[in-house]
Amino acid sequence: MFSKILIANRGEIACRVIRTAKAMGIDTVAVYSEADADALHVAMADEAIAIGPAPAAESYLVSERILDAVGRSGAEAVHPGYGFLSENPAFARDLGDMGVTFIGPPVGAIEAMGDKIASKKLAAAAGVNAVPGHLEVLSDADHAARVAKDLGYPVMLKASAGGGGKGMRVAYNEAEAREGFISAANEANSSFADDRIFAEKFIEQPRHIEIQVLADGHGNCIHLGERECSIQRRHQKVMEEAPSPFLDDATRRAMGAQAVALARAVDYRSAGTVEFIVDKERNFFFLEMNTRLQVEHPVTEMVYGVDLVEQMIRIAAGEAMTLRQDDVQADGWAIECRLYAEDPRRNFMPSTGRLVRCQPPLQDDTVRIDTGVAEGSEITMFYDPMIAKLITKGPDRASAIHAMAGALDGYYVRGISHNMNFLSALINHPRFADGHLSTAF
């Protein structure tokens, strides 16, 4: 087992990884920008190394600065968290060249799943259900219009290198297909420096349901059920739960089997997530595979009693998983809300400033809080404005909803705008209670 790991991230996910590492007796190294000198993850780690100015493009996203910190600290392994360099194959490869372990999947799996066109072709070859589409790069707006007409409207125009809802446009007619191609390509180029666009049939009122997989280097590959992530805003997840109130056992088994098949096809090792869209008839189609830990991983941990970060570390260290598919049993229901410093009344504009007061509800077996800030912390303009992830658990869905409503009411934040009332409105919405969800909610 490793004696020291570096966390190439910040905020709540850095704190999350540090907690597990400490529980395993592993020393931790934090990295921080000038804006994060007094951040919670820096205080929690055993040591911390400065990596540059506040903008992420000059610090957390500069692999050379992270690699230098790894060398200076003597860390034996690096956990990338999510975002930043977590799905950067060159970074993982450079760590390997240094003799340092990347706590994540092999470079080949990152590369294969990082390109949406390539990943969909690979998934189809592995027998995974795919959305009908044209899996070749569209050359221009005229080409997009011809392909869209052949597929039949509505269609989704998507960036091959996309993520986080960027580079996606829905077209219901020829004019929208042409306009959507241009705007999607421009957004993809500015966000990912890659303007390749492809088209697929748009599934109307879909549910976004994903399968958590775990695989080691000894031939073991399992799934830990599903997470429902259909409550979204601008294709960004807002609220997640495990299990899904929509799936039946047969669909759950089929989705799990296909997720495992895809993981095996790319020789996956580590925790990963296979995302699907599911229509109203429970037909499911492969969306993408995220080769990292997901933001919403706590709901799976709460329901299945598995520390996914610990599993990632042990797998990276070469250990074989002791957990087998037959051992995986769901216990209760969990829901996660993402508490953000943003103002829903001003089109969700991010809010910056000091957390003058921040009093979370008490944590116990039914309430968990993952955060990277505390009272007095500064929410800056440089990073994602997440305050915390609030997770509740109950023996059933109604109990988990009730616990979440109470936890939101008991969370006191002052000094910045936040989306607490918006989340409360969602959790108390009759349609949410009934489980009548879709990404169009």
# chains A, B, ... in the order shown; residues from 1 in each chain; ligands from 1

call {"tool": "select_by_dssp", "arguments": {"residues": "region 146-304 of chain A", "states": "alpha helix (DSSP H)", "output": "PyMOL selection string"}}
result
chain A and resi 146-151+174-192+249-265+297-304

call {"tool": "write_last_selection", "arguments": {"atoms": "N, CA and C atoms", "output": "short mmCIF file (atom, residue, chain, number, x, y, z; two decimals), in the first residue's frame"}}
result
data_model
loop_
_atom_site.label_atom_id
_atom_site.label_comp_id
_atom_site.auth_asym_id
_atom_site.auth_seq_id
_atom_site.Cartn_x
_atom_site.Cartn_y
_atom_site.Cartn_z
N ARG A 146 -28.44 17.44 -43.84
CA ARG A 146 -28.74 16.20 -44.58
C ARG A 146 -28.83 15.01 -43.62
N VAL A 147 -27.87 14.91 -42.70
CA VAL A 147 -27.86 13.79 -41.75
C VAL A 147 -29.09 13.85 -40.84
N ALA A 148 -29.42 15.05 -40.38
CA ALA A 148 -30.57 15.21 -39.50
C ALA A 148 -31.86 14.77 -40.19
N LYS A 149 -31.99 15.11 -41.46
CA LYS A 149 -33.18 14.71 -42.22
C LYS A 149 -33.26 13.19 -42.35
N ASP A 150 -32.10 12.55 -42.59
CA ASP A 150 -32.07 11.09 -42.72
C ASP A 150 -32.42 10.40 -41.40
N LEU A 151 -31.92 10.96 -40.28
CA LEU A 151 -32.21 10.36 -38.98
C LEU A 151 -33.66 10.56 -38.58
N GLU A 174 -34.83 21.78 -40.13
CA GLU A 174 -33.59 22.00 -40.87
C GLU A 174 -32.87 23.28 -40.43
N ALA A 175 -33.63 24.34 -40.23
CA ALA A 175 -33.00 25.60 -39.82
C ALA A 175 -32.28 25.44 -38.49
N GLU A 176 -32.91 24.73 -37.54
CA GLU A 176 -32.29 24.52 -36.23
C GLU A 176 -31.07 23.60 -36.34
N ALA A 177 -31.10 22.67 -37.30
CA ALA A 177 -29.95 21.77 -37.50
C ALA A 177 -28.74 22.57 -37.98
N ARG A 178 -28.97 23.47 -38.94
CA ARG A 178 -27.87 24.29 -39.45
C ARG A 178 -27.33 25.23 -38.35
N GLU A 179 -28.25 25.91 -37.71
CA GLU A 179 -27.85 26.85 -36.67
C GLU A 179 -27.21 26.11 -35.49
N GLY A 180 -27.79 24.96 -35.14
CA GLY A 180 -27.26 24.18 -34.02
C GLY A 180 -25.87 23.65 -34.27
N PHE A 181 -25.60 23.24 -35.52
CA PHE A 181 -24.26 22.77 -35.86
C PHE A 181 -23.23 23.87 -35.63
N ILE A 182 -23.53 25.07 -36.12
CA ILE A 182 -22.57 26.18 -36.00
C ILE A 182 -22.34 26.56 -34.54
N SER A 183 -23.41 26.69 -33.76
CA SER A 183 -23.25 27.10 -32.36
C SER A 183 -22.60 26.00 -31.52
N ALA A 184 -22.94 24.73 -31.80
CA ALA A 184 -22.32 23.62 -31.06
C ALA A 184 -20.84 23.53 -31.37
N ALA A 185 -20.48 23.70 -32.64
CA ALA A 185 -19.06 23.63 -33.03
C ALA A 185 -18.27 24.77 -32.41
N ASN A 186 -18.86 25.98 -32.41
CA ASN A 186 -18.17 27.13 -31.82
C ASN A 186 -17.96 26.93 -30.32
N GLU A 187 -19.02 26.45 -29.63
CA GLU A 187 -18.89 26.23 -28.19
C GLU A 187 -17.89 25.12 -27.89
N ALA A 188 -17.91 24.06 -28.69
CA ALA A 188 -16.98 22.95 -28.47
C ALA A 188 -15.54 23.41 -28.70
N ASN A 189 -15.34 24.24 -29.70
CA ASN A 189 -13.99 24.72 -29.99
C ASN A 189 -13.47 25.59 -28.86
N SER A 190 -14.32 26.47 -28.30
CA SER A 190 -13.89 27.35 -27.22
C SER A 190 -13.73 26.60 -25.90
N SER A 191 -14.51 25.53 -25.70
CA SER A 191 -14.46 24.79 -24.43
C SER A 191 -13.41 23.68 -24.43
N PHE A 192 -13.24 23.02 -25.60
CA PHE A 192 -12.38 21.83 -25.64
C PHE A 192 -11.28 21.90 -26.70
N ASP A 249 -36.26 -4.68 -11.95
CA ASP A 249 -35.09 -5.54 -11.74
C ASP A 249 -34.49 -6.02 -13.05
N ALA A 250 -35.33 -6.34 -14.02
CA ALA A 250 -34.83 -6.85 -15.30
C ALA A 250 -34.01 -5.79 -16.02
N THR A 251 -34.50 -4.56 -16.05
CA THR A 251 -33.77 -3.48 -16.71
C THR A 251 -32.47 -3.18 -15.97
N ARG A 252 -32.54 -3.19 -14.66
CA ARG A 252 -31.35 -2.94 -13.83
C ARG A 252 -30.26 -3.98 -14.13
N ARG A 253 -30.65 -5.25 -14.20
CA ARG A 253 -29.67 -6.30 -14.49
C ARG A 253 -29.08 -6.13 -15.88
N ALA A 254 -29.93 -5.81 -16.85
CA ALA A 254 -29.46 -5.65 -18.23
C ALA A 254 -28.51 -4.47 -18.36
N MET A 255 -28.83 -3.36 -17.73
CA MET A 255 -27.95 -2.19 -17.77
C MET A 255 -26.63 -2.47 -17.08
N GLY A 256 -26.70 -3.15 -15.95
CA GLY A 256 -25.47 -3.50 -15.22
C GLY A 256 -24.57 -4.42 -16.03
N ALA A 257 -25.19 -5.40 -16.70
CA ALA A 257 -24.42 -6.35 -17.51
C ALA A 257 -23.74 -5.64 -18.67
N GLN A 258 -24.43 -4.69 -19.31
CA GLN A 258 -23.83 -3.97 -20.43
C GLN A 258 -22.72 -3.03 -19.95
N ALA A 259 -22.89 -2.41 -18.78
CA ALA A 259 -21.85 -1.55 -18.24
C ALA A 259 -20.58 -2.35 -17.95
N VAL A 260 -20.75 -3.51 -17.38
CA VAL A 260 -19.61 -4.38 -17.09
C VAL A 260 -18.94 -4.84 -18.38
N ALA A 261 -19.75 -5.17 -19.39
CA ALA A 261 -19.20 -5.60 -20.68
C ALA A 261 -18.34 -4.51 -21.30
N LEU A 262 -18.79 -3.27 -21.20
CA LEU A 262 -18.02 -2.16 -21.76
C LEU A 262 -16.72 -1.95 -20.98
N ALA A 263 -16.80 -2.04 -19.66
CA ALA A 263 -15.59 -1.90 -18.83
C ALA A 263 -14.57 -2.97 -19.18
N ARG A 264 -15.03 -4.18 -19.37
CA ARG A 264 -14.11 -5.27 -19.74
C ARG A 264 -13.52 -5.04 -21.13
N ALA A 265 -14.31 -4.47 -22.03
CA ALA A 265 -13.85 -4.26 -23.40
C ALA A 265 -12.67 -3.30 -23.47
N HIS A 297 -21.10 10.29 -6.47
CA HIS A 297 -20.75 8.96 -5.94
C HIS A 297 -21.25 8.70 -4.51
N PRO A 298 -21.46 9.74 -3.66
CA PRO A 298 -21.89 9.44 -2.29
C PRO A 298 -23.20 8.67 -2.17
N VAL A 299 -24.15 8.87 -3.12
CA VAL A 299 -25.42 8.14 -2.97
C VAL A 299 -25.20 6.64 -3.13
N THR A 300 -24.28 6.26 -4.01
CA THR A 300 -23.95 4.84 -4.15
C THR A 300 -23.27 4.33 -2.89
N GLU A 301 -22.35 5.11 -2.33
CA GLU A 301 -21.67 4.70 -1.10
C GLU A 301 -22.66 4.52 0.04
N MET A 302 -23.64 5.42 0.14
CA MET A 302 -24.62 5.34 1.23
C MET A 302 -25.49 4.10 1.11
N VAL A 303 -25.88 3.75 -0.12
CA VAL A 303 -26.80 2.64 -0.33
C VAL A 303 -26.10 1.28 -0.30
N TYR A 304 -24.86 1.24 -0.80
CA TYR A 304 -24.16 -0.05 -0.90
C TYR A 304 -23.07 -0.25 0.15
#

call {"tool": "residues_around", "arguments": {"residues": "region 358-369 of chain A", "least_positions_apart": "4", "cutoff": "6 Å", "atoms": "only C-alpha atoms", "output": "ChimeraX atom specification"}}
result
/A:375,389-393,407,410-413

call {"tool": "residues_around", "arguments": {"residues": "region 55-72 of chain A", "least_positions_apart": "4", "cutoff": "12 Å", "atoms": "only C-alpha atoms", "output": "NGL selection string"}}
result
:A and (4-11 or 28-36 or 47-51 or 76-102 or 380-384)

call {"tool": "write_last_selection", "arguments": {"atoms": "C-alpha atoms", "output": "CSV table (one decimal), in the first residue's frame"}}
result
chain,number,residue,atom,x,y,z
A,4,LYS,CA,1.9,9.0,0.6
A,5,ILE,CA,-0.5,10.2,-2.1
A,6,LEU,CA,-1.0,13.6,-3.7
A,7,ILE,CA,-4.5,14.9,-4.5
A,8,ALA,CA,-4.4,16.8,-7.7
A,9,ASN,CA,-7.6,18.8,-7.0
A,10,ARG,CA,-9.2,21.2,-4.6
A,11,GLY,CA,-12.4,21.8,-2.7
A,28,THR,CA,-1.6,13.2,2.0
A,29,VAL,CA,-0.2,16.1,0.0
A,30,ALA,CA,-2.5,18.9,-1.1
A,31,VAL,CA,-1.8,21.4,-3.9
A,32,TYR,CA,-3.2,24.9,-3.9
A,33,SER,CA,-3.4,28.1,-5.9
A,34,GLU,CA,-2.9,31.5,-4.5
A,35,ALA,CA,-6.7,31.8,-4.0
A,36,ASP,CA,-6.7,28.5,-2.0
A,47,GLU,CA,1.5,18.8,3.7
A,48,ALA,CA,0.7,21.3,1.0
A,49,ILE,CA,2.5,22.7,-2.0
A,50,ALA,CA,1.7,25.9,-3.9
A,51,ILE,CA,1.2,25.5,-7.6
A,76,GLU,CA,4.0,7.5,-4.6
A,77,ALA,CA,0.5,8.0,-6.2
A,78,VAL,CA,-1.8,10.7,-7.3
A,79,HIS,CA,-5.6,10.8,-7.0
A,80,PRO,CA,-7.0,13.3,-9.6
A,81,GLY,CA,-10.5,13.7,-8.1
A,82,TYR,CA,-12.9,14.8,-10.9
A,83,GLY,CA,-12.6,17.7,-13.3
A,84,PHE,CA,-9.2,19.3,-13.9
A,85,LEU,CA,-6.7,16.6,-15.0
A,86,SER,CA,-8.8,13.6,-14.0
A,87,GLU,CA,-9.4,12.4,-17.6
A,88,ASN,CA,-6.2,13.7,-19.2
A,89,PRO,CA,-4.4,10.7,-20.6
A,90,ALA,CA,-1.1,12.7,-21.1
A,91,PHE,CA,-1.1,13.5,-17.4
A,92,ALA,CA,-1.6,9.9,-16.4
A,93,ARG,CA,1.1,8.8,-18.9
A,94,ASP,CA,3.6,11.4,-17.5
A,95,LEU,CA,3.0,10.1,-14.0
A,96,GLY,CA,3.8,6.6,-15.1
A,97,ASP,CA,7.0,7.8,-16.7
A,98,MET,CA,8.0,9.2,-13.3
A,99,GLY,CA,7.2,5.9,-11.6
A,100,VAL,CA,4.2,7.3,-9.9
A,101,THR,CA,0.9,5.5,-9.8
A,102,PHE,CA,-2.2,7.2,-11.3
A,380,THR,CA,-14.2,33.1,-5.4
A,381,MET,CA,-14.8,33.7,-9.1
A,382,PHE,CA,-12.1,31.3,-10.1
A,383,TYR,CA,-13.7,27.9,-9.4
A,384,ASP,CA,-17.0,26.0,-9.4

call {"tool": "residues_around", "arguments": {"residues": "Gln232 (chain A)", "least_positions_apart": "3", "cutoff": "12 Å", "atoms": "only C-alpha atoms", "output": "VMD selection string"}}
result
chain A and resid 164 to 165 206 to 209 228 to 229 235 to 240 337 to 338 423 426 437 to 441

call {"tool": "atom_distance", "arguments": {"atom1": "CA of Phe286 (chain A)", "atom2": "CA of Gly162 (chain A)"}}
result
15.1 Å

call {"tool": "closest_residue", "arguments": {"among": "A:Ile427, A:Ile103, A:Ala193, A:Leu157", "to": "Ala403 (chain A)", "atoms": "only C-alpha atoms"}}
result
A:Ile427

call {"tool": "closest_residue", "arguments": {"among": "A:Asp343, A:Ala130, A:Ala316, A:Gly435", "to": "Val278 (chain A)", "atoms": "only C-alpha atoms"}}
result
A:Ala130

call {"tool": "select_by_dssp", "arguments": {"residues": "region 297-433 of chain A", "states": "strand (DSSP E)", "output": "PyMOL selection string"}}
result
chain A and resi 333-340+342-343+349-350+353-354+357-359+367-371+378-379+386-394+412-414

call {"tool": "write_last_selection", "arguments": {"atoms": "N, CA, C and O atoms", "output": "compact mmCIF listing (two decimals), in the first residue's frame"}}
result
# COMPACT_ATOMS: atom_id res chain seq x y z
N TRP A 333 -32.30 3.93 0.58
CA TRP A 333 -32.37 4.90 -0.50
C TRP A 333 -31.57 6.14 -0.12
O TRP A 333 -31.57 6.53 1.05
N ALA A 334 -30.90 6.74 -1.08
CA ALA A 334 -30.12 7.96 -0.80
C ALA A 334 -30.36 9.00 -1.88
O ALA A 334 -30.56 8.68 -3.05
N ILE A 335 -30.35 10.26 -1.46
CA ILE A 335 -30.55 11.40 -2.36
C ILE A 335 -29.44 12.41 -2.10
O ILE A 335 -29.03 12.62 -0.95
N GLU A 336 -28.94 13.02 -3.18
CA GLU A 336 -27.93 14.08 -3.06
C GLU A 336 -28.42 15.36 -3.70
O GLU A 336 -28.95 15.35 -4.81
N CYS A 337 -28.24 16.47 -3.00
CA CYS A 337 -28.50 17.80 -3.54
C CYS A 337 -27.18 18.57 -3.60
O CYS A 337 -26.36 18.48 -2.69
N ARG A 338 -27.00 19.33 -4.68
CA ARG A 338 -25.79 20.13 -4.83
C ARG A 338 -26.10 21.57 -4.41
O ARG A 338 -26.85 22.28 -5.09
N LEU A 339 -25.53 21.97 -3.31
CA LEU A 339 -25.73 23.31 -2.78
C LEU A 339 -24.69 24.25 -3.40
O LEU A 339 -23.48 24.07 -3.20
N TYR A 340 -25.18 25.22 -4.16
CA TYR A 340 -24.29 26.12 -4.89
C TYR A 340 -24.45 27.57 -4.43
O TYR A 340 -25.54 27.99 -4.01
N GLU A 342 -25.15 30.46 -5.87
CA GLU A 342 -25.72 31.02 -7.09
C GLU A 342 -27.12 31.52 -6.77
O GLU A 342 -27.74 31.08 -5.80
N ASP A 343 -27.60 32.43 -7.57
CA ASP A 343 -28.89 33.07 -7.30
C ASP A 343 -29.94 32.61 -8.33
O ASP A 343 -29.92 33.06 -9.47
N MET A 349 -27.08 33.06 -11.51
CA MET A 349 -25.79 33.73 -11.60
C MET A 349 -24.93 33.35 -10.39
O MET A 349 -25.39 33.40 -9.25
N PRO A 350 -23.67 32.93 -10.61
CA PRO A 350 -22.79 32.59 -9.48
C PRO A 350 -22.63 33.76 -8.51
O PRO A 350 -22.63 34.93 -8.94
N GLY A 353 -18.06 35.80 -2.55
CA GLY A 353 -17.97 36.51 -1.27
C GLY A 353 -17.64 35.56 -0.14
O GLY A 353 -17.37 34.37 -0.34
N ARG A 354 -17.70 36.08 1.07
CA ARG A 354 -17.34 35.30 2.24
C ARG A 354 -18.56 34.62 2.84
O ARG A 354 -19.65 35.20 2.90
N ARG A 357 -21.82 33.20 7.63
CA ARG A 357 -22.34 32.13 8.50
C ARG A 357 -22.53 30.89 7.66
O ARG A 357 -23.05 30.95 6.55
N CYS A 358 -22.11 29.76 8.18
CA CYS A 358 -22.32 28.47 7.50
C CYS A 358 -22.48 27.40 8.56
O CYS A 358 -21.49 26.90 9.12
N GLN A 359 -23.72 27.09 8.85
CA GLN A 359 -24.04 26.10 9.88
C GLN A 359 -24.81 24.95 9.25
O GLN A 359 -26.02 25.05 9.04
N VAL A 367 -27.68 11.62 7.46
CA VAL A 367 -27.27 12.88 6.83
C VAL A 367 -25.76 12.90 6.66
O VAL A 367 -25.01 12.68 7.62
N ARG A 368 -25.30 13.17 5.44
CA ARG A 368 -23.87 13.28 5.15
C ARG A 368 -23.63 14.59 4.39
O ARG A 368 -24.44 14.98 3.55
N ILE A 369 -22.54 15.25 4.70
CA ILE A 369 -22.19 16.49 4.02
C ILE A 369 -20.75 16.40 3.52
O ILE A 369 -19.83 16.15 4.29
N ASP A 370 -20.57 16.55 2.21
CA ASP A 370 -19.25 16.62 1.60
C ASP A 370 -19.01 18.07 1.19
O ASP A 370 -19.74 18.61 0.35
N THR A 371 -18.02 18.71 1.79
CA THR A 371 -17.78 20.12 1.51
C THR A 371 -16.30 20.44 1.52
O THR A 371 -15.49 19.69 2.09
N GLU A 378 -13.96 31.77 1.64
CA GLU A 378 -14.26 32.68 0.55
C GLU A 378 -14.71 31.88 -0.68
O GLU A 378 -14.03 30.92 -1.08
N ILE A 379 -15.84 32.25 -1.26
CA ILE A 379 -16.28 31.70 -2.54
C ILE A 379 -15.77 32.66 -3.60
O ILE A 379 -16.21 33.82 -3.66
N MET A 386 -19.51 25.56 -5.81
CA MET A 386 -20.18 24.61 -4.93
C MET A 386 -19.86 24.90 -3.47
O MET A 386 -18.70 25.08 -3.10
N ILE A 387 -20.89 24.94 -2.64
CA ILE A 387 -20.71 25.07 -1.20
C ILE A 387 -20.59 23.69 -0.58
O ILE A 387 -19.70 23.42 0.23
N ALA A 388 -21.49 22.79 -0.95
CA ALA A 388 -21.48 21.45 -0.37
C ALA A 388 -22.37 20.52 -1.17
O ALA A 388 -23.21 20.96 -1.95
N LYS A 389 -22.17 19.24 -0.94
CA LYS A 389 -23.11 18.21 -1.40
C LYS A 389 -23.80 17.69 -0.14
O LYS A 389 -23.13 17.27 0.81
N LEU A 390 -25.12 17.74 -0.16
CA LEU A 390 -25.91 17.29 0.98
C LEU A 390 -26.56 15.97 0.61
O LEU A 390 -27.27 15.88 -0.39
N ILE A 391 -26.27 14.93 1.39
CA ILE A 391 -26.77 13.59 1.08
C ILE A 391 -27.58 13.06 2.26
O ILE A 391 -27.15 13.18 3.42
N THR A 392 -28.76 12.53 1.97
CA THR A 392 -29.57 11.92 3.03
C THR A 392 -29.95 10.50 2.64
O THR A 392 -30.03 10.16 1.46
N LYS A 393 -30.19 9.69 3.66
CA LYS A 393 -30.53 8.29 3.45
C LYS A 393 -31.73 7.91 4.31
O LYS A 393 -31.91 8.43 5.41
N GLY A 394 -32.52 7.00 3.76
CA GLY A 394 -33.64 6.46 4.52
C GLY A 394 -33.88 5.02 4.12
O GLY A 394 -33.32 4.54 3.13
N TYR A 412 -27.96 26.48 7.35
CA TYR A 412 -28.00 27.94 7.47
C TYR A 412 -26.77 28.54 6.81
O TYR A 412 -25.63 28.27 7.23
N VAL A 413 -26.99 29.32 5.75
CA VAL A 413 -25.89 29.97 5.03
C VAL A 413 -26.20 31.45 4.86
O VAL A 413 -27.30 31.81 4.42
N ARG A 414 -25.25 32.30 5.20
CA ARG A 414 -25.39 33.74 5.01
C ARG A 414 -24.09 34.32 4.47
O ARG A 414 -23.02 33.80 4.74

call {"tool": "atom_distance", "arguments": {"atom1": "CA of Arg233 (chain A)", "atom2": "CA of His436 (chain A)"}}
result
16.4 Å

call {"tool": "residues_around", "arguments": {"residues": "Leu308 (chain A)", "least_positions_apart": "6", "cutoff": "10 Å", "atoms": "only C-alpha atoms", "output": "PyMOL selection string"}}
result
chain A and resi 17+20+212-214+270-272+293+297-298+300-301+314
